[in-house]
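See below for the structure under consideration.
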Amino acid sequence: MSVDQDRPLRVLILTKQRLLGETVKLTLNHGIYVARDVPDLDLATTIIKDWQPRLAVVDLDNGDDQLVRRIRQTQPDGHPRIPVLALTRRGDLKTKLAAFDQGADDIMTVPLSPEELLARVLVITRRSLGEDVPLKPVLKLGELEIDILNRQVRVGSSELHLTGLEQSLLYLLAANAGRVVTRDEILDALWGVDFGPDSNVVDRHIHDLRIKLQNGWRSPRFIATVPGEGYRFLPVSPG
């Protein structure tokens, strides 16, 4: 059974990490989804009761080791079971087994690969709900076109050859279009504890991404530098 495009599948995202929540929402734009993100269990409980989402994406690093179990306990009697995709920066077996023991349907390690996240969500939707969500492989962001299935990015008629990390960086910035994303936020979202705050790894990857996007820092088309703060994805290319 396919999801009615006039009635998109509702997804609840529970995370305190704004960048993570926005990245998940942008990725879900490849399918017929409508997503709402909340920072805590109290708000999630209200939304589950009133909005009745069909899928929950839960950040296990929200400070509650029993979060999946508590999500399960908030589901009203008589309502369909909500499948849960758990996210965590902890890739150890103990964390994964605990999440499955609490009732998670799948678990992914952060940093996320957008195409893998979409694939996992599609599998959970099909397996748990018996529904196929129509897929929009190409996502348009101004002049940019991101083809998640073929892992291709185009600017006009030009195809860019991005590494997986560069594509994740592009997603992270585009998901927060118009907002300043600090270097520390990018570092935490994509590299975690592998690099310290003094590392220049973020600036190097921004530099490489800009070259491929033909994005000069003096007259940026897509990624603007905010001196002393970080970077901002331009929601509409100038000119």
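Residues in the structure tokens are numbered from 1 in each chain, the chains being A, B, ... in the order shown, and ligands are numbered from 1 in the order shown.
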Test item: residues at most 7 Å from Arg36 of chain A, only C-alpha atoms, excluding those fewer than 6 positions along its chain, as a list in words: Val11, Leu12 and Ile13 of chain A
Store the residues of this selection in a file with N, CA and C atoms, as a PDB file, in the first residue's frame.
```pdb
ATOM      1  N   VAL A  11       5.924  12.212  10.953  1.00  0.00           N
ATOM      2  CA  VAL A  11       7.125  11.745  11.636  1.00  0.00           C
ATOM      3  C   VAL A  11       7.446  12.681  12.801  1.00  0.00           C
ATOM      4  N   LEU A  12       7.645  12.108  13.976  1.00  0.00           N
ATOM      5  CA  LEU A  12       8.075  12.856  15.157  1.00  0.00           C
ATOM      6  C   LEU A  12       9.583  12.707  15.309  1.00  0.00           C
ATOM      7  N   ILE A  13      10.285  13.824  15.480  1.00  0.00           N
ATOM      8  CA  ILE A  13      11.733  13.813  15.710  1.00  0.00           C
ATOM      9  C   ILE A  13      11.981  14.342  17.111  1.00  0.00           C
TER      10      ILE A  13
END
```
Closest pair table for segment 34-89 of chain A residues within 12 Å of segment 108-116 of chain A, only C-alpha atoms, as a Markdown table:
```
| residue | atom | partner | partner_atom | distance |
| --- | --- | --- | --- | --- |
| A:Val57 | CA | A:Met108 | CA | 10.1 |
| A:Val58 | CA | A:Met108 | CA | 10.2 |
| A:Asp59 | CA | A:Val110 | CA | 9.5 |
| A:Leu60 | CA | A:Thr109 | CA | 10.1 |
| A:Asp61 | CA | A:Val110 | CA | 10.1 |
| A:Val84 | CA | A:Met108 | CA | 11.1 |
| A:Leu85 | CA | A:Met108 | CA | 7.5 |
| A:Ala86 | CA | A:Met108 | CA | 6.3 |
| A:Leu87 | CA | A:Met108 | CA | 5.0 |
| A:Thr88 | CA | A:Thr109 | CA | 5.1 |
| A:Arg89 | CA | A:Val110 | CA | 4.7 |
```
May I have the residues from that selection written out with N, CA and C atoms, as a PDB file, in the first residue's frame?
```
ATOM      1  N   VAL A  57      11.630   9.324  15.267  1.00  0.00           N
ATOM      2  CA  VAL A  57      13.093   9.302  15.182  1.00  0.00           C
ATOM      3  C   VAL A  57      13.598   9.885  16.496  1.00  0.00           C
ATOM      4  N   VAL A  58      14.280   9.064  17.296  1.00  0.00           N
ATOM      5  CA  VAL A  58      14.602   9.416  18.678  1.00  0.00           C
ATOM      6  C   VAL A  58      16.112   9.463  18.890  1.00  0.00           C
ATOM      7  N   ASP A  59      16.589  10.587  19.427  1.00  0.00           N
ATOM      8  CA  ASP A  59      18.008  10.783  19.734  1.00  0.00           C
ATOM      9  C   ASP A  59      18.290  10.201  21.119  1.00  0.00           C
ATOM     10  N   LEU A  60      19.044   9.105  21.157  1.00  0.00           N
ATOM     11  CA  LEU A  60      19.341   8.453  22.430  1.00  0.00           C
ATOM     12  C   LEU A  60      20.266   9.276  23.308  1.00  0.00           C
ATOM     13  N   ASP A  61      20.922  10.273  22.738  1.00  0.00           N
ATOM     14  CA  ASP A  61      21.874  11.096  23.496  1.00  0.00           C
ATOM     15  C   ASP A  61      21.211  12.328  24.098  1.00  0.00           C
ATOM     16  N   VAL A  84      10.104   3.013  15.860  1.00  0.00           N
ATOM     17  CA  VAL A  84      11.109   3.958  16.354  1.00  0.00           C
ATOM     18  C   VAL A  84      12.452   3.695  15.691  1.00  0.00           C
ATOM     19  N   LEU A  85      13.018   4.751  15.087  1.00  0.00           N
ATOM     20  CA  LEU A  85      14.399   4.732  14.609  1.00  0.00           C
ATOM     21  C   LEU A  85      15.225   5.504  15.625  1.00  0.00           C
ATOM     22  N   ALA A  86      16.180   4.833  16.271  1.00  0.00           N
ATOM     23  CA  ALA A  86      17.004   5.460  17.301  1.00  0.00           C
ATOM     24  C   ALA A  86      18.312   5.967  16.694  1.00  0.00           C
ATOM     25  N   LEU A  87      18.765   7.139  17.160  1.00  0.00           N
ATOM     26  CA  LEU A  87      20.022   7.735  16.719  1.00  0.00           C
ATOM     27  C   LEU A  87      20.941   7.892  17.914  1.00  0.00           C
ATOM     28  N   THR A  88      22.243   7.673  17.711  1.00  0.00           N
ATOM     29  CA  THR A  88      23.193   7.852  18.805  1.00  0.00           C
ATOM     30  C   THR A  88      24.595   8.090  18.264  1.00  0.00           C
ATOM     31  N   ARG A  89      25.387   8.824  19.023  1.00  0.00           N
ATOM     32  CA  ARG A  89      26.805   8.989  18.699  1.00  0.00           C
ATOM     33  C   ARG A  89      27.634   7.853  19.278  1.00  0.00           C
TER      34      ARG A  89
END
```
Who sits within 10 Å of segment 71-83 of chain A, only C-alpha atoms, same chain under 2 positions skipped, as JSON, numbers by chain: {"A": [11, 12, 14, 41, 42, 44, 45, 46, 48, 49, 52, 53, 54, 55, 56, 57, 58, 66, 67, 68, 69, 85, 86, 102, 103, 104, 105, 106, 121, 124, 125, 127, 128, 129]}
Can you write just those residues out, C-alpha atoms, as a PDB file, in the first residue's frame?
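What follows is the written file again_14.pdb:
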```
ATOM      1  CA  VAL A  11       7.125  11.745  11.636  1.00  0.00           C
ATOM      2  CA  LEU A  12       8.075  12.856  15.157  1.00  0.00           C
ATOM      3  CA  LEU A  14      12.877  13.915  19.339  1.00  0.00           C
ATOM      4  CA  LEU A  41       9.703  13.783  26.193  1.00  0.00           C
ATOM      5  CA  ASP A  42       6.915  15.977  27.627  1.00  0.00           C
ATOM      6  CA  ALA A  44       6.748  14.407  22.462  1.00  0.00           C
ATOM      7  CA  THR A  45       4.025  12.863  24.636  1.00  0.00           C
ATOM      8  CA  THR A  46       1.597  15.646  23.758  1.00  0.00           C
ATOM      9  CA  ILE A  48       1.958  11.550  20.116  1.00  0.00           C
ATOM     10  CA  LYS A  49      -1.489  11.869  21.682  1.00  0.00           C
ATOM     11  CA  GLN A  52      -0.585  10.584  16.198  1.00  0.00           C
ATOM     12  CA  PRO A  53       2.675  10.292  14.211  1.00  0.00           C
ATOM     13  CA  ARG A  54       3.325   7.101  12.271  1.00  0.00           C
ATOM     14  CA  LEU A  55       7.094   7.076  12.917  1.00  0.00           C
ATOM     15  CA  ALA A  56       9.421   8.413  15.642  1.00  0.00           C
ATOM     16  CA  VAL A  57      13.093   9.302  15.182  1.00  0.00           C
ATOM     17  CA  VAL A  58      14.602   9.416  18.678  1.00  0.00           C
ATOM     18  CA  GLN A  66      15.374   4.872  28.787  1.00  0.00           C
ATOM     19  CA  LEU A  67      14.036   7.216  26.119  1.00  0.00           C
ATOM     20  CA  VAL A  68      12.826   4.558  23.683  1.00  0.00           C
ATOM     21  CA  ARG A  69      11.011   2.699  26.459  1.00  0.00           C
ATOM     22  CA  LEU A  85      14.399   4.732  14.609  1.00  0.00           C
ATOM     23  CA  ALA A  86      17.004   5.460  17.301  1.00  0.00           C
ATOM     24  CA  GLN A 102      13.577  -1.109  24.805  1.00  0.00           C
ATOM     25  CA  GLY A 103      11.699  -1.585  21.543  1.00  0.00           C
ATOM     26  CA  ALA A 104      13.655   0.330  18.878  1.00  0.00           C
ATOM     27  CA  ASP A 105      13.035  -0.963  15.359  1.00  0.00           C
ATOM     28  CA  ASP A 106      16.422   0.186  14.064  1.00  0.00           C
ATOM     29  CA  VAL A 121      13.221   5.132   7.161  1.00  0.00           C
ATOM     30  CA  ILE A 124      10.953   0.718   8.607  1.00  0.00           C
ATOM     31  CA  THR A 125       7.897   2.270   6.972  1.00  0.00           C
ATOM     32  CA  ARG A 127       8.166  -3.347   7.289  1.00  0.00           C
ATOM     33  CA  SER A 128       6.280  -1.895  10.254  1.00  0.00           C
ATOM     34  CA  LEU A 129       3.394  -0.096   8.566  1.00  0.00           C
TER      35      LEU A 129
END
```
Hey, what does DSSP flag as strand (DSSP E) within segment 36-189 of chain A? Can you give it to me as a PyMOL selection string? chain A and resi 36-38+55-59+84-88+106-109+138-141+144-147+152-155+158-160+180-182
